[in-house]
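As stored in data-v8.cif (mmCIF, C-alpha atoms and all ligand atoms):
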```
data_query
#
loop_
_atom_site.label_atom_id
_atom_site.label_comp_id
_atom_site.auth_asym_id
_atom_site.auth_seq_id
_atom_site.Cartn_x
_atom_site.Cartn_y
_atom_site.Cartn_z
CA MET A 1 0.00 0.00 0.00
CA MET A 2 1.27 3.43 -0.82
CA ILE A 3 0.40 7.08 -0.64
CA ASN A 4 1.11 9.01 -3.84
CA ASN A 5 0.02 12.42 -2.65
CA ILE A 6 -2.07 14.35 -0.17
CA SER A 7 -3.62 17.84 -0.23
CA LEU A 8 -4.49 19.58 3.00
CA GLN A 9 -6.81 22.58 3.03
CA ASN A 10 -7.38 24.51 6.24
CA PHE A 11 -6.16 21.51 8.19
CA ARG A 12 -4.17 22.57 11.31
CA ASN A 13 -1.49 25.03 10.14
CA TYR A 14 -1.92 24.19 6.43
CA VAL A 15 -3.80 26.66 4.25
CA ASP A 16 -3.61 24.77 0.98
CA GLU A 17 -0.66 22.47 0.52
CA SER A 18 -0.05 19.41 -1.64
CA ILE A 19 2.73 16.87 -1.28
CA GLN A 20 3.85 14.12 -3.60
CA PHE A 21 5.38 11.11 -1.82
CA MET A 22 7.82 8.54 -3.16
CA PRO A 23 8.07 4.77 -2.65
CA GLY A 24 10.39 3.76 0.21
CA THR A 25 11.36 6.20 2.93
CA ASN A 26 10.09 9.80 2.94
CA ILE A 27 11.81 11.96 5.52
CA LEU A 28 10.14 15.16 6.71
CA ILE A 29 12.63 17.47 8.37
CA GLY A 30 11.85 20.73 10.11
CA ASP A 31 12.25 22.62 13.36
CA ASN A 32 9.75 22.22 16.15
CA GLY A 33 6.24 23.48 15.52
CA GLN A 34 6.52 23.76 11.71
CA GLY A 35 3.83 21.23 10.77
CA LYS A 36 5.55 17.83 10.40
CA THR A 37 3.19 16.02 12.76
CA ASN A 38 0.21 17.80 11.21
CA ILE A 39 0.92 16.07 7.88
CA ILE A 40 1.15 12.69 9.54
CA GLU A 41 -2.07 13.45 11.43
CA GLY A 42 -3.80 14.47 8.17
CA ILE A 43 -2.87 11.17 6.49
CA TYR A 44 -3.91 9.17 9.54
CA TYR A 45 -7.22 11.01 9.72
CA LEU A 46 -7.89 10.47 6.03
CA LEU A 47 -7.32 6.72 6.43
CA THR A 48 -9.03 6.05 9.75
CA GLY A 49 -11.57 8.86 10.19
CA LYS A 50 -9.95 9.71 13.51
CA SER A 51 -7.11 11.77 14.87
CA TYR A 52 -4.79 10.06 17.36
CA ARG A 53 -4.27 13.39 19.14
CA VAL A 54 -7.74 14.87 19.63
CA HIS A 55 -11.31 13.63 19.77
CA ARG A 56 -13.02 16.59 18.12
CA GLU A 57 -12.66 17.67 14.51
CA GLN A 58 -13.02 21.31 15.64
CA GLU A 59 -9.42 21.18 16.82
CA LEU A 60 -8.19 20.04 13.41
CA LEU A 61 -9.66 23.11 11.71
CA ARG A 62 -7.18 25.81 10.93
CA TRP A 63 -7.79 28.55 13.42
CA GLU A 64 -10.83 30.70 12.64
CA GLN A 65 -11.94 28.49 9.75
CA ASN A 66 -15.04 26.34 9.66
CA GLU A 67 -14.19 23.73 7.08
CA PHE A 68 -11.24 21.53 6.23
CA HIS A 69 -10.65 19.24 3.29
CA LEU A 70 -8.21 16.38 2.76
CA TYR A 71 -7.61 14.62 -0.56
CA GLY A 72 -5.29 11.68 -1.02
CA GLU A 73 -4.27 9.34 -3.77
CA PHE A 74 -3.18 5.88 -2.73
CA ILE A 75 -2.13 2.65 -4.40
CA LEU A 76 -3.66 -0.69 -3.43
CA ASN A 77 -2.99 -3.84 -5.46
CA LYS A 78 -1.52 -1.63 -8.18
CA ASN A 79 -4.82 0.30 -8.43
CA LYS A 80 -5.32 3.94 -7.54
CA VAL A 81 -7.67 4.72 -4.65
CA TYR A 82 -8.86 8.29 -4.07
CA LEU A 83 -9.92 9.21 -0.56
CA GLU A 84 -11.47 12.50 0.50
CA SER A 85 -12.42 13.71 3.91
CA HIS A 86 -14.41 16.89 4.37
CA TYR A 87 -15.47 18.65 7.53
CA LYS A 88 -17.84 21.54 7.15
CA ASN A 89 -20.31 23.18 9.51
CA ARG A 90 -19.57 20.49 12.09
CA LYS A 91 -20.39 17.67 9.68
CA LYS A 92 -18.05 15.02 8.34
CA MET A 93 -18.15 13.63 4.85
CA VAL A 94 -15.96 10.93 3.40
CA ARG A 95 -15.65 9.64 -0.14
CA ILE A 96 -13.80 6.76 -1.73
CA ASN A 97 -13.28 7.03 -5.47
CA GLN A 98 -15.90 9.80 -5.48
CA VAL A 99 -18.55 7.63 -3.79
CA SER A 100 -19.83 8.90 -0.42
CA CYS A 101 -19.52 6.57 2.54
CA GLN A 102 -22.33 6.36 5.06
CA ARG A 103 -20.37 4.73 7.85
CA LEU A 104 -16.81 4.76 9.12
CA SER A 105 -16.62 1.01 8.54
CA ASP A 106 -17.21 1.61 4.80
CA PHE A 107 -13.73 3.02 4.40
CA VAL A 108 -11.61 2.21 7.47
CA GLY A 109 -9.17 -0.52 6.53
CA THR A 110 -9.24 0.16 2.79
CA ILE A 111 -5.68 1.46 2.98
CA ASN A 112 -4.03 0.28 6.17
CA VAL A 113 -1.76 2.46 8.23
CA ILE A 114 0.42 1.93 11.25
CA PHE A 115 1.33 4.97 13.27
CA PHE A 116 4.12 5.01 15.81
CA SER A 117 5.20 7.89 18.06
CA PRO A 118 6.91 8.19 21.45
CA ASP A 119 3.45 8.64 23.00
CA ASP A 120 2.72 5.00 22.18
CA LEU A 121 4.56 4.06 25.37
CA VAL A 122 1.21 4.79 27.00
CA MET A 123 0.20 1.35 25.72
CA ILE A 124 2.49 -0.11 28.33
CA LYS A 125 2.43 2.58 31.01
CA GLY A 126 -1.20 3.61 30.79
CA GLY A 127 -4.42 1.98 31.90
CA PRO A 128 -6.49 -0.78 30.26
CA SER A 129 -8.41 1.69 28.08
CA GLU A 130 -5.18 2.58 26.22
CA ARG A 131 -4.46 -1.07 25.53
CA ARG A 132 -8.05 -1.78 24.46
CA ARG A 133 -7.75 1.18 22.09
CA PHE A 134 -4.55 -0.20 20.56
CA LEU A 135 -6.12 -3.61 20.11
CA ASP A 136 -9.40 -2.29 18.71
CA LEU A 137 -7.62 0.00 16.24
CA HIS A 138 -5.56 -2.92 15.06
CA ILE A 139 -8.61 -5.17 14.66
CA ALA A 140 -10.52 -2.41 12.86
CA GLN A 141 -7.79 -2.24 10.21
CA MET A 142 -8.16 -5.92 9.47
CA ARG A 143 -11.89 -6.35 10.16
CA PRO A 144 -13.80 -3.11 9.57
CA GLY A 145 -16.99 -4.67 11.00
CA HIS A 146 -15.33 -4.39 14.41
CA VAL A 147 -15.94 -0.62 14.35
CA SER A 148 -19.71 -1.09 13.92
CA LEU A 149 -19.67 -3.71 16.63
CA LEU A 150 -17.95 -1.36 19.07
CA ASN A 151 -20.32 1.50 18.19
CA ALA A 152 -23.37 -0.68 18.74
CA TYR A 153 -21.95 -2.01 22.00
CA ASN A 154 -21.13 1.48 23.29
CA LYS A 155 -24.67 2.64 22.58
CA VAL A 156 -26.13 -0.20 24.62
CA ILE A 157 -23.67 0.49 27.43
CA GLN A 158 -24.76 4.14 27.48
CA GLN A 159 -28.42 3.16 27.63
CA LYS A 160 -27.93 0.66 30.39
CA GLY A 161 -25.76 3.20 32.23
CA ALA A 162 -28.52 5.81 31.99
CA LEU A 163 -31.04 3.31 33.34
CA LEU A 164 -28.79 2.43 36.30
CA LYS A 165 -28.40 6.13 37.09
CA SER A 166 -32.16 6.67 37.11
CA TYR A 167 -32.68 3.88 39.64
CA THR A 168 -35.27 4.37 42.37
CA GLU A 169 -36.57 1.42 44.40
CA LYS A 170 -40.13 1.92 43.26
CA HIS A 171 -39.47 2.48 39.60
CA PHE A 172 -36.89 0.17 38.25
CA LYS A 173 -37.37 -1.63 35.02
CA TYR A 174 -35.69 -5.01 35.56
CA SER A 175 -37.12 -6.23 32.28
CA GLN A 176 -35.42 -3.35 30.46
CA ILE A 177 -32.11 -4.16 32.17
CA GLN A 178 -32.50 -7.76 31.01
CA LEU A 179 -32.99 -6.54 27.45
CA TRP A 180 -29.84 -4.43 27.57
CA ASN A 181 -27.94 -7.32 29.17
CA GLU A 182 -28.94 -9.66 26.37
CA GLN A 183 -27.61 -7.19 23.83
CA ILE A 184 -24.43 -6.61 25.81
CA ILE A 185 -23.86 -10.37 25.79
CA GLU A 186 -24.62 -10.78 22.12
CA LEU A 187 -22.35 -7.93 20.97
CA GLY A 188 -19.82 -8.43 23.78
CA LYS A 189 -19.16 -12.05 22.79
CA LYS A 190 -18.22 -11.01 19.28
CA ILE A 191 -15.93 -8.28 20.59
CA ILE A 192 -14.25 -10.73 22.96
CA LEU A 193 -13.73 -13.31 20.21
CA ASN A 194 -12.21 -10.74 17.83
CA ARG A 195 -9.92 -9.39 20.51
CA ALA A 196 -8.80 -12.82 21.77
CA ASP A 197 -8.10 -14.05 18.25
CA LEU A 198 -6.07 -11.00 17.24
CA THR A 199 -4.19 -11.00 20.55
CA GLN A 200 -2.98 -14.52 19.93
CA ARG A 201 -1.84 -13.58 16.43
CA LEU A 202 -0.12 -10.46 17.72
CA GLN A 203 1.78 -12.50 20.26
CA ASP A 204 2.87 -15.06 17.67
CA ALA A 205 4.19 -12.30 15.42
CA ALA A 206 5.64 -10.02 18.13
CA ASN A 207 7.54 -12.52 20.21
CA PRO A 208 10.18 -13.46 17.61
CA ILE A 209 10.71 -9.74 16.92
CA TYR A 210 11.12 -9.00 20.61
CA LYS A 211 13.55 -11.91 20.95
CA SER A 212 15.76 -10.63 18.18
CA LEU A 213 15.67 -7.15 19.71
CA THR A 214 16.89 -8.56 23.02
CA SER A 215 19.25 -11.28 21.75
CA ASN A 216 16.83 -14.04 22.73
CA LYS A 217 17.08 -13.15 26.41
CA GLU A 218 13.51 -12.17 27.18
CA LYS A 219 10.05 -13.31 26.26
CA LEU A 220 7.11 -11.12 25.30
CA GLN A 221 3.60 -12.38 25.87
CA VAL A 222 0.28 -10.69 25.29
CA HIS A 223 -2.86 -12.02 26.82
CA TYR A 224 -6.39 -10.74 26.42
CA ASN A 225 -8.01 -10.82 29.80
CA ALA A 226 -11.76 -11.09 29.12
CA LEU A 227 -14.19 -10.57 32.02
CA GLY A 228 -11.37 -11.47 34.42
CA LYS A 229 -11.30 -15.06 33.12
CA LYS A 230 -8.33 -17.06 31.87
CA THR A 231 -9.68 -17.77 28.42
CA ALA A 232 -12.17 -16.16 26.05
CA ALA A 233 -14.16 -19.42 25.97
CA GLU A 234 -14.53 -19.37 29.76
CA ALA A 235 -15.53 -15.68 29.71
CA ILE A 236 -18.19 -16.28 27.09
CA SER A 237 -19.70 -19.29 28.80
CA GLU A 238 -19.91 -17.42 32.11
CA PHE A 239 -20.96 -14.02 30.70
CA SER A 240 -24.62 -14.32 31.59
CA LYS A 241 -23.99 -15.79 35.05
CA LEU A 242 -21.47 -13.03 35.88
CA MET A 243 -24.00 -10.39 34.86
CA ASP A 244 -26.70 -11.84 37.11
CA GLU A 245 -24.28 -12.06 40.03
CA LYS A 246 -23.21 -8.42 39.67
CA LEU A 247 -26.61 -6.83 39.05
CA GLU A 248 -27.14 -5.71 42.66
CA GLN A 249 -23.65 -4.20 42.78
CA GLU A 250 -24.24 -2.49 39.45
CA ILE A 251 -27.41 -0.89 40.82
CA ASP A 252 -25.62 0.15 44.02
CA ARG A 253 -22.66 1.68 42.21
CA GLN A 254 -24.61 2.83 39.13
CA LEU A 255 -21.85 1.32 37.02
CA ILE A 256 -21.72 -1.44 34.45
CA LEU A 257 -19.30 -3.91 35.93
CA VAL A 258 -19.40 -6.81 33.46
CA GLY A 259 -18.45 -6.57 29.80
CA PRO A 260 -15.53 -6.16 27.41
CA HIS A 261 -15.52 -2.38 28.03
CA ARG A 262 -13.61 -3.26 31.20
CA ASP A 263 -11.23 -5.83 29.77
CA ASP A 264 -7.46 -5.53 29.55
CA LEU A 265 -4.73 -6.61 27.19
CA GLN A 266 -1.91 -7.80 29.39
CA ILE A 267 1.52 -7.11 27.97
CA LEU A 268 3.96 -9.34 29.82
CA LEU A 269 7.71 -9.45 29.93
CA ASP A 270 8.94 -12.87 31.08
CA GLY A 271 5.48 -13.44 32.53
CA LYS A 272 5.34 -10.16 34.50
CA PRO A 273 3.33 -7.04 33.61
CA GLY A 274 5.50 -4.74 31.46
CA ARG A 275 3.75 -1.77 33.06
CA LEU A 276 5.19 -2.57 36.48
CA TYR A 277 8.49 -4.27 35.79
CA ALA A 278 9.87 -3.29 32.37
CA SER A 279 12.54 -0.62 32.18
CA GLN A 280 12.03 2.36 29.88
CA GLY A 281 14.19 0.69 27.20
CA GLN A 282 12.35 -2.62 27.55
CA GLN A 283 9.03 -0.80 27.30
CA ARG A 284 10.19 0.77 24.04
CA SER A 285 11.21 -2.66 22.73
CA LEU A 286 7.79 -4.05 23.69
CA VAL A 287 5.99 -1.30 21.78
CA LEU A 288 8.33 -1.52 18.80
CA SER A 289 7.80 -5.30 18.60
CA LEU A 290 4.02 -4.93 18.76
CA LYS A 291 4.01 -2.25 16.06
CA LEU A 292 6.22 -4.31 13.74
CA ALA A 293 4.01 -7.33 14.46
CA GLU A 294 1.01 -5.29 13.33
CA LEU A 295 2.78 -4.61 10.04
CA GLU A 296 3.46 -8.31 9.55
CA LEU A 297 -0.11 -9.35 10.38
CA ILE A 298 -1.59 -6.88 7.93
CA GLN A 299 0.85 -8.04 5.28
CA GLN A 300 -0.15 -11.67 5.93
CA GLU A 301 -3.86 -10.86 5.75
CA LYS A 302 -3.87 -8.40 2.84
CA GLY A 303 -0.78 -9.44 0.89
CA GLU A 304 0.69 -5.92 1.13
CA TYR A 305 2.38 -3.95 3.88
CA PRO A 306 0.45 -0.98 5.25
CA LEU A 307 1.75 2.54 5.18
CA LEU A 308 4.05 3.27 8.12
CA LEU A 309 4.03 6.67 9.84
CA LEU A 310 6.84 7.32 12.31
CA ASP A 311 6.47 10.57 14.19
CA ASP A 312 9.68 11.57 15.93
CA VAL A 313 10.48 8.00 16.84
CA LEU A 314 14.06 7.54 15.71
CA SER A 315 15.51 10.03 18.19
CA GLU A 316 13.83 8.13 21.04
CA LEU A 317 15.37 4.76 20.25
CA ASP A 318 18.89 3.67 21.12
CA ARG A 319 21.22 2.88 18.26
CA PHE A 320 20.55 -0.86 18.20
CA ARG A 321 16.76 -0.51 18.10
CA ARG A 322 16.94 2.34 15.60
CA ASP A 323 19.14 0.28 13.26
CA TYR A 324 16.81 -2.69 13.66
CA LEU A 325 13.80 -0.57 12.72
CA ILE A 326 15.56 0.99 9.73
CA ARG A 327 16.72 -2.44 8.50
CA PHE A 328 13.20 -3.77 8.89
CA ILE A 329 11.69 -0.91 6.87
CA GLU A 330 14.35 -1.00 4.18
CA SER A 331 14.37 -4.78 3.72
CA SER A 332 10.59 -5.10 3.55
CA ARG A 333 10.25 -2.03 1.29
CA ILE A 334 7.47 -0.56 3.40
CA GLN A 335 6.59 2.95 2.32
CA THR A 336 7.42 4.98 5.41
CA LEU A 337 7.02 8.62 6.37
CA ILE A 338 9.41 9.71 9.09
CA THR A 339 9.46 13.07 10.85
CA MET A 340 12.59 14.43 12.49
CA THR A 341 14.13 17.74 13.44
CA SER A 342 17.52 17.09 11.85
CA ALA A 343 18.85 14.66 9.27
CA ASP A 344 19.76 11.19 10.56
CA ASN A 345 22.85 9.75 8.93
CA HIS A 346 21.75 6.20 9.72
CA LEU A 347 19.17 6.36 6.98
CA ASP A 348 20.93 5.21 3.81
CA SER A 349 18.24 6.13 1.39
CA GLY A 350 15.07 8.16 1.28
CA THR A 351 13.50 11.27 -0.15
CA LEU A 352 14.02 14.41 1.91
CA TYR A 353 11.41 17.12 2.42
CA SER A 354 11.75 20.29 4.44
CA VAL A 355 8.79 21.56 6.43
CA LYS A 356 8.66 25.22 7.36
CA GLN A 357 5.71 27.24 8.64
CA GLY A 358 3.08 25.10 6.98
CA HIS A 359 4.92 24.71 3.66
CA ILE A 360 6.65 21.61 2.36
CA ARG A 361 9.41 21.41 -0.20
CA ARG A 362 11.04 18.36 -1.67
CA GLU A 363 14.82 18.62 -1.28
CA THR A 364 16.10 15.51 -3.07
N1 LIG B 1 -5.84 24.16 14.54
C1 LIG B 1 -4.72 24.77 14.20
N2 LIG B 1 -4.72 25.84 13.35
C2 LIG B 1 -3.58 26.47 13.01
N3 LIG B 1 -2.37 26.11 13.46
C3 LIG B 1 -2.31 25.08 14.30
C4 LIG B 1 -3.46 24.35 14.71
N4 LIG B 1 -3.08 23.35 15.54
C5 LIG B 1 -1.74 23.45 15.65
N5 LIG B 1 -1.27 24.49 14.91
C6 LIG B 1 0.12 24.91 14.75
O1 LIG B 1 0.83 23.85 14.12
C7 LIG B 1 2.15 23.85 14.60
C8 LIG B 1 2.52 22.50 15.17
O2 LIG B 1 2.66 21.65 14.14
P1 LIG B 1 3.19 20.18 14.38
O3 LIG B 1 2.61 19.58 15.61
O4 LIG B 1 2.98 19.45 13.11
O5 LIG B 1 4.73 20.50 14.65
P2 LIG B 1 6.00 19.64 14.34
O6 LIG B 1 6.68 20.20 13.14
O7 LIG B 1 5.68 18.19 14.31
O8 LIG B 1 6.86 20.01 15.58
P3 LIG B 1 7.63 19.11 16.68
O9 LIG B 1 8.96 18.80 16.04
O10 LIG B 1 7.78 20.06 17.81
O11 LIG B 1 6.80 17.91 16.98
C9 LIG B 1 2.28 24.86 15.70
O12 LIG B 1 2.90 26.00 15.18
C10 LIG B 1 0.84 25.13 16.06
O13 LIG B 1 0.67 26.43 16.53
#
```
Take the structure I supplied and represent it as structure tokens, if you would.
Ligand SMILES: Nc1ncnc2c1ncn2[C@@H]1O[C@H](COP(=O)(O)OP(=O)(O)OP(=O)(O)O)[C@@H](O)[C@H]1O
Amino acid sequence: MMINNISLQNFRNYVDESIQFMPGTNILIGDNGQGKTNIIEGIYYLLTGKSYRVHREQELLRWEQNEFHLYGEFILNKNKVYLESHYKNRKKMVRINQVSCQRLSDFVGTINVIFFSPDDLVMIKGGPSERRRFLDLHIAQMRPGHVSLLNAYNKVIQQKGALLKSYTEKHFKYSQIQLWNEQIIELGKKIILNRADLTQRLQDAANPIYKSLTSNKEKLQVHYNALGKKTAAEAISEFSKLMDEKLEQEIDRQLILVGPHRDDLQILLDGKPGRLYASQGQQRSLVLSLKLAELELIQQEKGEYPLLLLDDVLSELDRFRRDYLIRFIESSRIQTLITMTSADNHLDSGTLYSVKQGHIRRET
């Protein structure tokens, strides 16, 4: 998969800028605050319908503007794919090859993308919601139906949550709670199965990478912990029973206590949680291995590597890990966009661009 070009209009600090990318490594160089990350964010938004930095499109609008437009030309299986994303008067509109898409799942995953920045360490250091997000984003790239599943599940969770909050002893609709619970189970099972399946595949792909990053000394494991049970099968068979057992507590605490919205993806280093025991360097190796594993899994599933976006990552890695990453990219010929503040002489090849005050110029 490849990006040929992107145009950004009124997106962040870009007024109207177009960039042509090349196969292989594309290196965006510029001082701080010039707009390197904004390009990466624009591409990511165009491909996933979401920003990884903010939740609201309002913040992506160039200041004092009320519409932004992104246009991109990509290559998939040797065919051109045109994607457009428009935001105007607080409404989003997306098109693929000039055809409007009704839902996010109609275009997410068409062109796959893996994004990696120093903030990704939050996957290890942060709470379960960060790890669920990583896993769900990965699944969505391979199985777009997962997005609809999550949306439907979240709606039911909101409705059940509202019902729990309106509890009074006299007026409580147990039958309505049962209805929501049935839907939570039906949708929740599918979410659990997707997550457990992809976790296993991530582990199988990430562990050999982690081993070669650490000279075979340490072992990476990832385990999807569904409903606090050891296996997904056990969680699914006990889903309904767990819900019945917790109903009184849910009413007391006005919180939904059972469901995959509370699950965790355990990232373990030699059997111990990376969050608690891994050093900073080990945490970086864990994240790097998981990201490279994502690339491999998408390649296995789709027959092509996704686009790789590396935002300010190289400066964060030690020499060994940086060389490993560069070798990986160069040997697998993944089209990669890398941002940095000054040229890195470890990169043998690549097209250089300079980014200055919202303008981009190709230098080589
Ligand atoms: N909504 C917006 N409208 C206009 N300008 C914005 C908007 N959001 C951010 N900016 C500007 O964009 C610039 C930041 O761009 P970006 O995050 O891409 O920087 P960068 O080149 O990646 O820098 P660094 O190397 O520090 O990460 C800042 O000058 C900021 O003021």
Worksheet item: Please, which residues have at least one atom within 8 Å of an atom of ligand LIG 1 (chain B), using all atoms listed in the file, listed as a PyMOL selection string?
Response: chain A and resi 10-14+30-40+58-64+311-312+339-341+355-358
Item to complete: Mind giving me the straight-line distance from atom CA of A:Asn207 to atom CA of A:Leu220 in Å, one decimal?
Response: 5.3 Å
Would you mind listing, for every residue of stretch 6-122 of chain A within 10 Å of stretch 135-157 of chain A, the two atoms forming the shortest contact and the distance between them in Å to one decimal, using only C-alpha atoms, sorted by chain and ascending residue number, as JSON lines?
```
{"residue": "A:Leu47", "atom": "CA", "partner": "A:Gln141", "partner_atom": "CA", "distance": 9.7}
{"residue": "A:Thr48", "atom": "CA", "partner": "A:Gln141", "partner_atom": "CA", "distance": 8.4}
{"residue": "A:Arg103", "atom": "CA", "partner": "A:Ser148", "partner_atom": "CA", "distance": 8.4}
{"residue": "A:Leu104", "atom": "CA", "partner": "A:Val147", "partner_atom": "CA", "distance": 7.6}
{"residue": "A:Ser105", "atom": "CA", "partner": "A:Pro144", "partner_atom": "CA", "distance": 5.1}
{"residue": "A:Asp106", "atom": "CA", "partner": "A:Pro144", "partner_atom": "CA", "distance": 7.5}
{"residue": "A:Phe107", "atom": "CA", "partner": "A:Pro144", "partner_atom": "CA", "distance": 8.0}
{"residue": "A:Val108", "atom": "CA", "partner": "A:Pro144", "partner_atom": "CA", "distance": 6.1}
{"residue": "A:Gly109", "atom": "CA", "partner": "A:Gln141", "partner_atom": "CA", "distance": 4.3}
{"residue": "A:Thr110", "atom": "CA", "partner": "A:Gln141", "partner_atom": "CA", "distance": 7.9}
{"residue": "A:Ile111", "atom": "CA", "partner": "A:Gln141", "partner_atom": "CA", "distance": 8.4}
{"residue": "A:Asn112", "atom": "CA", "partner": "A:Gln141", "partner_atom": "CA", "distance": 6.1}
{"residue": "A:Val113", "atom": "CA", "partner": "A:Gln141", "partner_atom": "CA", "distance": 7.9}
{"residue": "A:Ile114", "atom": "CA", "partner": "A:His138", "partner_atom": "CA", "distance": 8.6}
```
Discussion item. One number please: atom CA of A:Leu268 to atom CA of A:Ala226, in Å, one decimal.
Written reply: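 If I compute the distance from atom CA of A:Leu268 to atom CA of A:Ala226, I get 15.8 Å.
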Item to complete: Rounded to one decimal place, report the atom CA of A:Ser129-atom CA of A:Gln266 distance in Å.
Response: 11.6 Å
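Of the residues listed (A:Gly188, A:Leu286, A:Arg362, A:Gly271), A:Leu286 shows the shortest atom-to-atom separation from A:Pro208; distances use only C-alpha atoms.
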Fill in: Surrounding residues of stretch 197-205 of chain A excluding itself and chain neighbours under 6 positions, 8 Å, all atoms listed in the file, as an MDAnalysis selection string
chainID A and resid 135 139 220:224 265 290 293:294 296:297
Restricting it to C-alpha atoms, dump the selection as a compact mmCIF listing (two decimals), in the frame of the given file.
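Final output, selection05.txt:
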```txt
# COMPACT_ATOMS: atom_id res chain seq x y z
CA LEU A 135 -6.12 -3.61 20.11
CA ILE A 139 -8.61 -5.17 14.66
CA LEU A 220 7.11 -11.12 25.30
CA GLN A 221 3.60 -12.38 25.87
CA VAL A 222 0.28 -10.69 25.29
CA HIS A 223 -2.86 -12.02 26.82
CA TYR A 224 -6.39 -10.74 26.42
CA LEU A 265 -4.73 -6.61 27.19
CA LEU A 290 4.02 -4.93 18.76
CA ALA A 293 4.01 -7.33 14.46
CA GLU A 294 1.01 -5.29 13.33
CA GLU A 296 3.46 -8.31 9.55
CA LEU A 297 -0.11 -9.35 10.38
```
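Between A:Asp318 and the candidates A:Arg333, A:Arg284, A:His86, A:Arg95, the tightest atom-to-atom separation, counting all atoms listed in the file, involves A:Arg284.
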Practice prompt. Within 6 Å of stretch 68-73 of chain A, counting all atoms listed in the file, which residues show up once you throw out same-chain ones fewer than 5 positions away? Write them as a PyMOL selection string, please.
Written response: chain A and resi 4-11+61+81-87
Worksheet item: Restricting the calculation to all atoms listed in the file, which member of A:Gly259, A:Gly126, A:Pro23, A:Gly228 is positioned closest to A:Leu276?
Response: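 Using all atoms listed in the file, the shortest distance to A:Leu276 belongs to A:Gly126.
For stretch 323-330 of chain A, the non-local neighbours within 10 Å, defined as residues at least 3 positions apart in the same chain or in other chains and counting all atoms listed in the file, are A:Gly24, A:Thr25, A:Ile209, A:Ser212, A:Leu213, A:Leu288, A:Ser289, A:Leu292, A:Leu308, A:Leu314, A:Leu317, A:Asp318, A:Arg319, A:Phe320, A:Arg333, A:Ile334, A:Gln335, A:Thr336, A:His346, A:Leu347, A:Asp348, A:Ser349, A:Gly350.
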